[in-house]
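One file, structure_5.cif, is given below (mmCIF, C-alpha atoms).
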```cif
data_query
loop_
_atom_site.label_atom_id
_atom_site.label_comp_id
_atom_site.auth_asym_id
_atom_site.auth_seq_id
_atom_site.Cartn_x
_atom_site.Cartn_y
_atom_site.Cartn_z
CA MET A 1 86.67 115.31 100.11
CA LEU A 2 84.55 112.31 100.99
CA ASN A 3 83.10 111.68 104.42
CA LEU A 4 82.72 108.18 105.73
CA THR A 5 82.37 106.36 109.03
CA ILE A 6 84.56 103.47 110.10
CA ASP A 7 83.64 101.70 113.33
CA GLY A 8 81.56 104.73 114.28
CA LYS A 9 84.46 107.16 113.80
CA LYS A 10 84.15 109.87 111.18
CA VAL A 11 86.91 110.48 108.68
CA SER A 12 87.19 112.54 105.52
CA VAL A 13 89.51 111.48 102.74
CA GLU A 14 90.26 112.48 99.18
CA LYS A 15 88.48 110.85 96.27
CA GLY A 16 90.25 107.69 95.18
CA THR A 17 91.34 106.70 98.69
CA THR A 18 90.79 103.08 99.64
CA VAL A 19 88.92 102.03 102.76
CA LEU A 20 92.16 100.50 104.05
CA HIS A 21 93.94 103.87 103.85
CA ALA A 22 91.01 105.67 105.45
CA ALA A 23 91.08 103.19 108.32
CA ARG A 24 94.82 103.61 108.76
CA LYS A 25 94.29 107.37 108.89
CA LEU A 26 92.02 106.76 111.87
CA GLY A 27 94.58 104.45 113.43
CA ILE A 28 92.39 101.40 112.93
CA GLU A 29 94.52 98.37 112.30
CA ILE A 30 93.47 96.06 109.48
CA PRO A 31 95.72 93.06 108.83
CA THR A 32 97.08 92.53 105.29
CA LEU A 33 99.36 90.09 103.51
CA CYS A 34 99.12 90.87 99.80
CA TYR A 35 99.03 94.65 100.19
CA HIS A 36 102.06 96.81 99.43
CA GLU A 37 102.06 100.60 99.11
CA GLY A 38 104.29 100.53 96.06
CA VAL A 39 102.07 98.46 93.80
CA SER A 40 98.41 98.35 92.80
CA PRO A 41 96.09 96.59 95.25
CA TYR A 42 94.95 93.13 94.31
CA GLY A 43 92.62 91.78 97.02
CA ALA A 44 94.06 88.29 96.88
CA CYS A 45 94.77 87.31 100.49
CA ARG A 46 91.30 88.27 101.81
CA VAL A 47 92.79 89.05 105.20
CA CYS A 48 91.78 92.73 105.07
CA LEU A 49 88.05 92.00 104.79
CA VAL A 50 85.65 94.62 106.15
CA GLU A 51 81.89 94.96 106.21
CA VAL A 52 80.39 97.77 104.14
CA VAL A 53 76.86 98.90 104.93
CA LYS A 54 74.85 100.04 101.93
CA GLY A 55 71.29 100.98 102.90
CA ILE A 56 69.76 97.86 104.39
CA LYS A 57 72.35 95.60 102.80
CA THR A 58 75.78 94.85 104.19
CA GLY A 59 78.52 93.08 102.32
CA LEU A 60 82.02 91.83 102.95
CA THR A 61 84.73 93.22 100.77
CA THR A 62 88.51 93.61 100.74
CA SER A 63 89.38 97.02 102.15
CA CYS A 64 92.54 97.29 100.05
CA THR A 65 90.58 97.37 96.78
CA CYS A 66 87.40 99.11 97.98
CA LEU A 67 87.31 102.84 97.25
CA ALA A 68 85.82 105.18 99.84
CA GLU A 69 82.46 106.70 98.97
CA GLU A 70 80.51 109.61 100.41
CA GLY A 71 78.39 108.56 103.39
CA MET A 72 79.87 105.07 103.45
CA GLU A 73 79.60 103.09 106.66
CA VAL A 74 82.30 100.53 107.31
CA LYS A 75 82.71 98.01 110.11
CA SER A 76 86.14 96.57 110.64
CA ASP A 77 85.56 94.74 113.91
CA SER A 78 82.06 93.29 113.65
CA PRO A 79 81.69 89.61 114.58
CA ARG A 80 81.05 88.78 110.93
CA VAL A 81 84.29 90.47 109.82
CA LEU A 82 86.37 88.84 112.54
CA GLU A 83 84.89 85.41 111.84
CA SER A 84 85.49 85.74 108.09
CA ARG A 85 89.06 86.90 108.51
CA LYS A 86 89.67 84.04 110.88
CA LEU A 87 88.40 81.58 108.31
CA MET A 88 90.63 83.10 105.62
CA VAL A 89 93.70 82.82 107.81
CA GLU A 90 92.79 79.26 108.74
CA LEU A 91 92.61 78.38 105.04
CA LEU A 92 95.96 80.07 104.40
CA LEU A 93 97.45 78.23 107.35
CA ALA A 94 96.23 74.92 105.98
CA ARG A 95 97.97 75.70 102.70
CA CYS A 96 101.19 77.12 104.17
CA PRO A 97 101.65 75.76 107.71
CA GLU A 98 105.24 77.02 107.91
CA ALA A 99 104.74 80.64 106.81
CA GLU A 100 105.70 82.90 109.72
CA LYS A 101 103.40 85.80 108.89
CA VAL A 102 100.44 83.49 108.50
CA LYS A 103 101.30 81.75 111.77
CA ASP A 104 101.55 85.14 113.48
CA LEU A 105 98.12 86.20 112.24
CA ALA A 106 96.65 82.87 113.29
CA ARG A 107 98.11 83.27 116.77
CA LYS A 108 96.73 86.80 117.09
CA MET A 109 93.29 85.68 115.97
CA GLY A 110 93.28 82.76 118.34
CA ILE A 111 93.21 80.02 115.72
CA GLU A 112 94.18 76.81 117.42
CA GLY A 113 93.70 73.98 114.97
CA VAL A 114 93.24 73.74 111.23
CA ARG A 115 90.10 71.96 110.12
CA PHE A 116 91.17 71.66 106.49
CA LYS A 117 93.46 69.32 104.64
CA ARG A 118 97.00 70.45 105.28
CA GLU A 119 99.34 71.11 102.39
CA ASP A 120 103.01 71.94 102.47
CA LYS A 121 103.06 74.87 100.08
CA GLU A 122 104.99 78.06 100.74
CA CYS A 123 103.22 80.42 98.34
CA ILE A 124 99.82 81.88 99.19
CA LEU A 125 99.32 83.14 95.59
CA CYS A 126 98.99 86.75 96.70
CA GLY A 127 100.67 87.92 93.49
CA LEU A 128 102.77 90.54 95.22
CA CYS A 129 105.94 89.31 93.51
CA VAL A 130 104.14 89.33 90.17
CA ARG A 131 103.02 92.93 90.64
CA VAL A 132 106.42 94.14 91.82
CA CYS A 133 108.18 92.46 88.89
CA GLN A 134 105.71 93.99 86.46
CA GLU A 135 105.02 97.44 87.89
CA ILE A 136 108.21 98.43 89.69
CA ILE A 137 111.01 96.48 88.02
CA GLU A 138 109.17 96.47 84.68
CA ALA A 139 110.66 93.12 83.78
CA SER A 140 107.49 90.95 83.83
CA VAL A 141 109.39 87.74 84.43
CA ILE A 142 106.84 85.86 86.48
CA GLY A 143 103.09 85.43 86.44
CA PHE A 144 100.26 83.12 87.32
CA ILE A 145 99.96 79.93 85.33
CA ASN A 146 97.19 77.33 85.18
CA ARG A 147 94.04 77.91 87.15
CA GLY A 148 91.93 76.90 90.10
CA ALA A 149 93.63 74.42 92.40
CA ASN A 150 96.61 74.18 90.04
CA ARG A 151 97.39 77.89 90.01
CA GLU A 152 101.04 78.74 90.57
CA VAL A 153 103.44 81.62 90.16
CA GLU A 154 106.00 80.65 87.55
CA THR A 155 108.28 81.74 84.74
CA PRO A 156 107.26 81.04 81.12
CA PHE A 157 107.55 77.29 80.42
CA GLN A 158 108.79 76.83 84.00
CA ALA A 159 112.30 77.33 82.71
CA GLN A 160 115.26 79.73 82.94
CA SER A 161 114.08 83.23 82.13
CA ASP A 162 115.79 85.44 79.55
CA VAL A 163 114.35 88.62 81.02
CA CYS A 164 114.98 88.12 84.75
CA ILE A 165 117.61 90.58 85.95
CA GLY A 166 118.07 88.80 89.28
CA CYS A 167 117.23 91.86 91.37
CA GLY A 168 115.45 89.78 94.01
CA ALA A 169 112.63 92.28 94.51
CA CYS A 170 110.13 89.41 94.30
CA SER A 171 111.83 87.66 97.16
CA SER A 172 112.06 90.74 99.35
CA VAL A 173 108.33 91.53 99.15
CA CYS A 174 107.10 87.94 99.51
CA PRO A 175 105.08 87.71 102.74
CA THR A 176 105.78 84.00 103.17
CA GLU A 177 109.44 83.82 102.14
CA ALA A 178 108.54 81.42 99.39
CA ILE A 179 111.08 82.70 96.85
CA LYS A 180 114.52 81.24 97.33
CA ILE A 181 117.62 83.06 96.18
CA LYS A 182 121.18 82.14 96.94
CA GLU A 183 124.61 83.28 95.88
CA MET A 184 127.48 81.02 95.00
CA PHE A 185 130.76 82.82 94.29
CA ASP A 186 130.13 84.43 90.88
CA LYS A 187 126.51 83.34 90.39
CA ARG A 188 123.15 84.33 91.80
CA ILE A 189 120.75 81.42 91.76
CA LEU A 190 117.02 82.07 91.80
CA GLU A 191 115.90 78.53 92.51
CA THR A 192 112.19 79.25 92.45
CA TRP A 193 112.49 80.75 88.97
CA HIS A 194 114.92 78.13 87.61
CA THR A 195 117.28 80.97 86.79
CA GLU A 196 121.03 81.47 87.22
CA LEU A 197 122.71 84.81 86.62
CA GLU A 198 126.33 85.86 86.39
CA LEU A 199 127.51 88.39 88.94
CA LYS A 200 129.86 91.27 88.34
CA SER A 201 132.93 91.74 90.50
CA CYS A 202 133.89 94.97 92.24
CA LYS A 203 136.73 96.86 90.56
CA ILE A 204 138.40 97.56 93.89
CA CYS A 205 137.91 94.58 96.20
CA GLY A 206 136.99 91.94 93.62
CA ARG A 207 133.88 90.80 95.45
CA TYR A 208 131.04 89.59 93.25
CA PHE A 209 128.19 91.88 94.17
CA VAL A 210 125.50 92.40 91.56
CA PRO A 211 124.03 90.50 88.59
CA LYS A 212 125.37 91.85 85.29
CA LYS A 213 121.85 91.96 83.91
CA GLU A 214 120.62 94.07 86.80
CA LEU A 215 123.35 96.63 86.06
CA GLU A 216 122.38 96.79 82.40
CA HIS A 217 118.76 97.30 83.44
CA LEU A 218 119.71 100.09 85.85
CA LYS A 219 121.88 101.82 83.26
CA GLU A 220 118.93 101.93 80.91
CA LYS A 221 116.54 103.21 83.53
CA ILE A 222 118.51 105.88 85.34
CA GLU A 223 121.27 108.19 84.28
CA LEU A 224 124.19 107.89 86.64
CA PRO A 225 127.92 108.23 86.15
CA GLU A 226 129.35 105.08 84.58
CA ASP A 227 131.83 104.34 87.39
CA ILE A 228 129.08 104.12 89.99
CA PHE A 229 128.23 100.71 88.58
CA GLU A 230 131.78 99.44 88.86
CA ILE A 231 132.36 99.29 92.59
CA CYS A 232 130.48 97.50 95.34
CA THR A 233 128.56 99.23 98.13
CA ASP A 234 131.26 98.53 100.74
CA CYS A 235 133.99 100.10 98.62
CA LYS A 236 131.73 103.02 97.79
CA ARG A 237 131.21 103.67 101.49
CA LYS A 238 134.93 103.42 102.17
CA SER A 239 135.90 105.81 99.41
CA LEU A 240 133.23 108.24 100.55
CA THR A 241 134.27 108.20 104.22
CA GLY A 242 137.86 108.54 103.05
CA LYS A 243 136.96 111.68 101.16
CA ILE A 244 135.13 113.12 104.18
CA GLY A 245 138.22 112.38 106.27
CA GLU A 246 140.38 114.23 103.77
CA ILE A 247 138.10 117.25 103.90
CA LYS A 248 138.23 117.30 107.70
CA THR A 249 142.00 117.04 107.88
CA GLY A 250 142.27 119.77 105.32
CA ALA A 251 143.85 117.62 102.63
CA ILE A 252 141.44 119.05 100.05
CA MET B 1 110.47 77.01 51.52
CA ASN B 2 110.66 74.36 54.20
CA ASP B 3 107.77 73.43 56.46
CA LYS B 4 108.93 75.37 59.48
CA MET B 5 109.35 78.59 57.48
CA LYS B 6 105.91 78.23 55.97
CA ARG B 7 104.39 77.94 59.42
CA LYS B 8 106.14 81.04 60.60
CA VAL B 9 104.80 83.08 57.72
CA ASP B 10 101.29 81.87 58.48
CA LEU B 11 101.65 82.72 62.15
CA GLU B 12 102.69 86.24 61.36
CA LYS B 13 99.65 86.68 59.16
CA VAL B 14 97.40 85.53 62.00
CA ILE B 15 99.10 87.81 64.49
CA ASN B 16 98.85 90.86 62.25
CA LYS B 17 95.14 90.22 61.76
CA TYR B 18 94.44 90.81 65.45
CA LYS B 19 97.27 93.15 66.25
CA ALA B 20 95.15 96.30 66.55
CA GLU B 21 92.43 94.71 68.66
CA LYS B 22 92.42 95.09 72.40
CA GLY B 23 92.43 91.62 73.91
CA GLY B 24 93.67 90.26 70.61
CA ILE B 25 95.98 87.74 72.29
CA ILE B 26 93.19 85.26 72.91
CA SER B 27 91.95 85.49 69.32
CA VAL B 28 95.47 84.90 68.02
CA LEU B 29 96.00 81.92 70.30
CA GLN B 30 92.61 80.46 69.35
CA GLU B 31 93.42 80.62 65.69
CA ILE B 32 96.88 79.11 66.12
CA ASN B 33 95.45 76.38 68.33
CA ARG B 34 92.83 75.64 65.68
CA GLU B 35 95.36 75.55 62.84
CA TYR B 36 98.05 73.45 64.48
CA GLY B 37 96.07 71.64 67.17
CA TYR B 38 98.28 73.06 69.89
CA LEU B 39 100.43 76.02 70.93
CA SER B 40 104.15 75.40 70.56
CA GLU B 41 106.80 77.17 72.59
CA ASP B 42 108.03 78.95 69.47
CA ALA B 43 104.51 80.07 68.57
CA LEU B 44 103.96 81.59 72.02
CA LYS B 45 107.31 83.35 71.88
CA LEU B 46 106.51 84.78 68.45
CA VAL B 47 103.09 85.99 69.61
CA ALA B 48 104.66 87.75 72.61
CA LYS B 49 107.30 89.38 70.44
CA LYS B 50 104.98 90.52 67.68
CA LEU B 51 102.24 91.80 69.99
CA ASP B 52 104.86 93.40 72.22
CA VAL B 53 103.57 91.86 75.44
CA PRO B 54 105.61 90.00 78.07
CA LEU B 55 105.99 86.29 77.33
CA ILE B 56 104.63 85.41 80.76
CA GLN B 57 101.34 87.10 79.90
CA VAL B 58 100.91 84.95 76.82
CA TYR B 59 101.96 81.84 78.75
CA SER B 60 99.49 82.68 81.55
CA ILE B 61 96.62 82.87 79.09
CA ALA B 62 97.71 79.73 77.25
CA THR B 63 97.77 77.71 80.49
CA PHE B 64 94.58 79.24 81.92
CA TYR B 65 92.09 78.14 79.28
CA THR B 66 91.46 74.43 78.81
CA ALA B 67 90.67 75.16 75.15
CA PHE B 68 94.39 75.65 74.57
CA SER B 69 96.84 72.82 74.52
CA LEU B 70 100.59 73.15 74.92
CA LYS B 71 101.21 69.64 73.61
CA PRO B 72 100.46 68.35 70.12
CA ARG B 73 96.93 66.94 69.96
CA GLY B 74 95.52 64.11 67.90
CA ARG B 75 93.55 64.57 64.70
CA HIS B 76 90.43 63.38 66.50
CA LEU B 77 89.38 64.62 69.90
CA ILE B 78 87.44 62.14 72.01
CA ASN B 79 85.44 63.63 74.88
CA VAL B 80 84.06 61.18 77.39
CA CYS B 81 81.23 62.66 79.41
CA LEU B 82 81.47 62.10 83.15
CA GLY B 83 78.68 64.49 84.10
CA THR B 84 76.16 63.32 86.68
CA ALA B 85 73.89 61.33 84.36
CA CYS B 86 76.72 59.71 82.40
CA PHE B 87 78.62 59.00 85.59
CA VAL B 88 75.63 57.15 87.05
CA LYS B 89 75.13 55.27 83.79
CA GLY B 90 78.72 54.04 83.75
CA GLY B 91 80.68 56.71 81.85
CA ASN B 92 83.73 55.56 83.77
CA ARG B 93 83.52 52.10 82.20
CA ILE B 94 83.40 53.63 78.72
CA LEU B 95 86.46 55.70 79.61
CA GLU B 96 88.28 52.60 80.85
CA LYS B 97 87.48 50.77 77.61
CA LEU B 98 88.75 53.69 75.52
CA GLU B 99 91.92 53.89 77.61
CA ARG B 100 92.52 50.17 77.05
CA GLU B 101 91.78 50.34 73.32
CA LEU B 102 94.00 53.36 72.69
CA GLY B 103 96.67 52.56 75.26
CA ILE B 104 96.57 56.06 76.73
CA LYS B 105 95.08 57.74 79.79
CA ALA B 106 92.58 60.60 79.83
CA GLY B 107 94.35 63.85 78.92
CA GLU B 108 96.87 62.08 76.68
CA THR B 109 97.36 61.66 72.94
CA THR B 110 98.21 58.49 71.03
CA LYS B 111 101.74 58.24 69.63
CA GLU B 112 100.72 58.45 65.98
CA LEU B 113 98.74 61.64 66.83
CA ARG B 114 95.46 60.08 65.78
CA TYR B 115 93.39 60.43 68.96
CA SER B 116 93.38 62.69 72.02
CA LEU B 117 91.31 61.50 74.96
CA ASP B 118 89.70 63.88 77.41
CA THR B 119 86.94 63.82 79.99
CA VAL B 120 84.25 66.49 80.13
CA HIS B 121 81.48 67.30 82.55
CA CYS B 122 78.20 67.19 80.64
CA ILE B 123 77.87 67.83 76.94
CA GLY B 124 74.17 68.55 77.25
CA CYS B 125 72.46 65.37 76.09
CA CYS B 126 71.92 63.46 79.32
CA SER B 127 69.08 61.42 77.83
CA LEU B 128 71.73 59.64 75.76
CA ALA B 129 73.86 58.76 78.79
CA PRO B 130 76.49 57.43 78.83
CA VAL B 131 77.71 59.52 75.95
CA ILE B 132 81.00 60.30 74.22
CA ARG B 133 81.78 62.83 71.53
CA ILE B 134 84.34 62.36 68.79
CA ASP B 135 85.02 65.67 67.03
CA GLU B 136 81.48 66.82 66.16
CA ASP B 137 79.69 63.47 66.47
CA ALA B 138 78.00 62.29 69.66
CA TYR B 139 77.53 58.59 70.45
CA GLY B 140 74.95 57.81 73.09
CA ARG B 141 73.61 54.89 75.13
CA LEU B 142 77.05 53.37 74.83
CA LYS B 143 78.25 49.97 75.88
CA GLN B 144 81.87 48.95 76.13
CA GLU B 145 81.61 46.53 73.19
CA LYS B 146 80.47 49.30 70.85
CA VAL B 147 83.66 51.31 71.40
CA PRO B 148 86.03 49.61 68.86
CA GLU B 149 83.44 49.95 66.11
CA ILE B 150 83.02 53.67 66.77
CA LEU B 151 86.77 54.21 66.80
CA LYS B 152 86.97 52.61 63.34
CA LYS B 153 84.71 55.35 61.97
CA HIS B 154 87.26 58.01 62.89
CA LYS B 155 90.56 57.10 61.38
#
```
Have the structure of the file written as structure tokens, please.
Amino acid sequence: MLNLTIDGKKVSVEKGTTVLHAARKLGIEIPTLCYHEGVSPYGACRVCLVEVVKGIKTGLTTSCTCLAEEGMEVKSDSPRVLESRKLMVELLLARCPEAEKVKDLARKMGIEGVRFKREDKECILCGLCVRVCQEIIEASVIGFINRGANREVETPFQAQSDVCIGCGACSSVCPTEAIKIKEMFDKRILETWHTELELKSCKICGRYFVPKKELEHLKEKIELPEDIFEICTDCKRKSLTGKIGEIKTGAI
Amino acid sequence: MNDKMKRKVDLEKVINKYKAEKGGIISVLQEINREYGYLSEDALKLVAKKLDVPLIQVYSIATFYTAFSLKPRGRHLINVCLGTACFVKGGNRILEKLERELGIKAGETTKELRYSLDTVHCIGCCSLAPVIRIDEDAYGRLKQEKVPEILKKHK
């Protein structure tokens, strides 16, 4: 176990714990945008900055990527930390003025105006979608392209992807709702990734409910009875409640 | 064996050379870029397949480094320096002259694939400002009227 102090409060955590987790254990709230428990930390959004005291030196670092050390002293609410976080959010707000989560943070931090050139982007380049697609879905469809001011999240050649299964995990984790997915009858259209996928229809009700490619991917990954992939969630629920009903009325 | 097939064989040789190395992708891309002057879509797809890495990873690297080009490049690469010294000494005017002479803008390549024109920030010989570099040769203390003559040397 490692012992460290955060905002004057002592906490002991296991080796390999991040400062962010240690703080959460103490109930200290640190804002995050690019952090997600399911994937490896990345330190991209800079919103979770904290001050770490090392001897006579103190430095700012992202708490989501900083591992706890024995005797470490962390400040999460010093004026320097709060000022720096505020600046980060102001920069994000200048880039994505319409992103709800960014607007929320700005409101909480008391940011009134943006001093920087406003853009109308939706993506804050936190890479959460990239990590989910790579680590959880294991499809590696999207990634960062170009660099510096031209950096973007894209598919290879900015064209329809052969490997995208259309699961939409990228869209569901995106903190700024930058990834647009819509469904049109028998197709799922991932506009942001220039990709269209055919949907499969439910054997019972005929509703188109899941991309064919996602089913193939699932079949490879987990062993489940074949027919489970044939019917939609609604019909599954109905057949299940039907069965329960039968049990209760003594039909089985 | 047609031209396209020959290329493919060569590519595979290059890929196999670096296959075992960690971080071999960059070495492979460098060599392909050197051989063909650019990285084609097919080349990147082949590299991804043979090295067993996701295509997006190869594409990310190829777009990250300015040393790689995704479009065919000219036989001669013209770098116009716009670093501080050259900028003050009128590097922009040299660039304008080159753009007029070649009929292309910075970052583009002439139709017959003879020249590619790029700007750079300092090539390390500020005393020669304004300076341009064509392939390995540097031309310093340039004036606009000297440009056509220099271009003639690199056909």
Could you write out as a list in words the residues that the PyMOL selection byres ((chain A) within 9 of (chain B)) matches in the shown file?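 That expression, the PyMOL selection byres ((chain A) within 9 of (chain B)), corresponds here to Ala139, Ser140, Val141, Ile142, Gly143, Phe144, Ile145, Asn146, Arg147, Gly148, Arg151, Glu154, Thr155, Pro156 and Phe157 of chain A.
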Please write as a PyMOL selection string the list of polymer residues whose atoms come within 6 Å of (89.6, 58.9, 79.2), counting all atoms listed in the file and keeping to the coordinates of the file. chain B and resi 95+99+105-106+117-119
May I ask for the distance between CA of Ala44 (chain A) and CA of Leu128 (chain A), given in Å to one decimal place? 9.1 Å
Evaluated on this file, the PyMOL selection byres ((chain B and resi 35) around 12) picks out some residues - which ones are they, written as a list in words? Arg7, Asp10, Leu11, Val14, Val28, Leu29, Gln30, Glu31, Ile32, Asn33, Arg34, Tyr36, Gly37, Tyr38, Leu39, Ser40, Ala43, Phe68, Pro72, Arg73 and Arg75 of chain B
Nearest to Thr84 (chain B) among B:Lys22, B:His121, B:Lys17, B:Lys97, with distances taken over all atoms listed in the file: which residue is it? B:His121
What is the distance, in Å and to one decimal place, between CA of Ile179 (chain A) and CA of Val153 (chain A)?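 About the pair CA of Ile179 (chain A) and CA of Val153 (chain A): they are 10.2 Å apart.
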Which value, in Å to one decimal, gives the distance between CA of Pro41 (chain A) and CA of Ile136 (chain A)?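 These two atoms are separated by 13.5 Å.
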Give, as JSON, the centre coordinates and the x, y and z edge lengths in Å to one decimal for an axis-aligned box around all listed atoms of region 44-54 of chain B, padded by 8 Å on each side.
```
{"center_x": 104.8, "center_y": 87.5, "center_z": 72.9, "size_x": 21.1, "size_y": 27.8, "size_z": 26.4}
```
Pick the closest to Glu98 (chain A) from A:Leu190, A:Ile30, A:Cys235, A:Cys123: which is it, counting all atoms listed in the file?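 Smallest distance to Glu98 (chain A) is found for A:Cys123.
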Answer key for the PyMOL selection byres ((chain A and resi 45-52) around 9), residues as a VMD selection string: chain A and resid 19 to 20 30 to 35 42 to 44 53 to 54 57 to 64 72 to 78 80 to 82 84 to 86 88 to 89 92 124 to 126
Do you know which residues are at most 12 Å from Arg114 (chain B) counting only C-alpha atoms, after dropping those on the same chain fewer than 2 positions away, and could you put them as a PyMOL selection string? chain B and resi 37+72-78+102+104+108-112+116-117+134-135+151-152+154-155
Dump as a PyMOL selection string all residues having an atom at most 10 Å from (123.7, 81.9, 89.1), computed in the file's coordinates with all atoms listed in the file. chain A and resi 166+181-191+194-199+211
Identify, on the basis of all atoms listed in the file, every residue whose closest approach to Thr18 (chain A) does not exceed 9 Å; exclude the query and any residue fewer than 4 positions from it along the same chain; express the result as an NGL selection string. :A and (22-23 or 63-68)
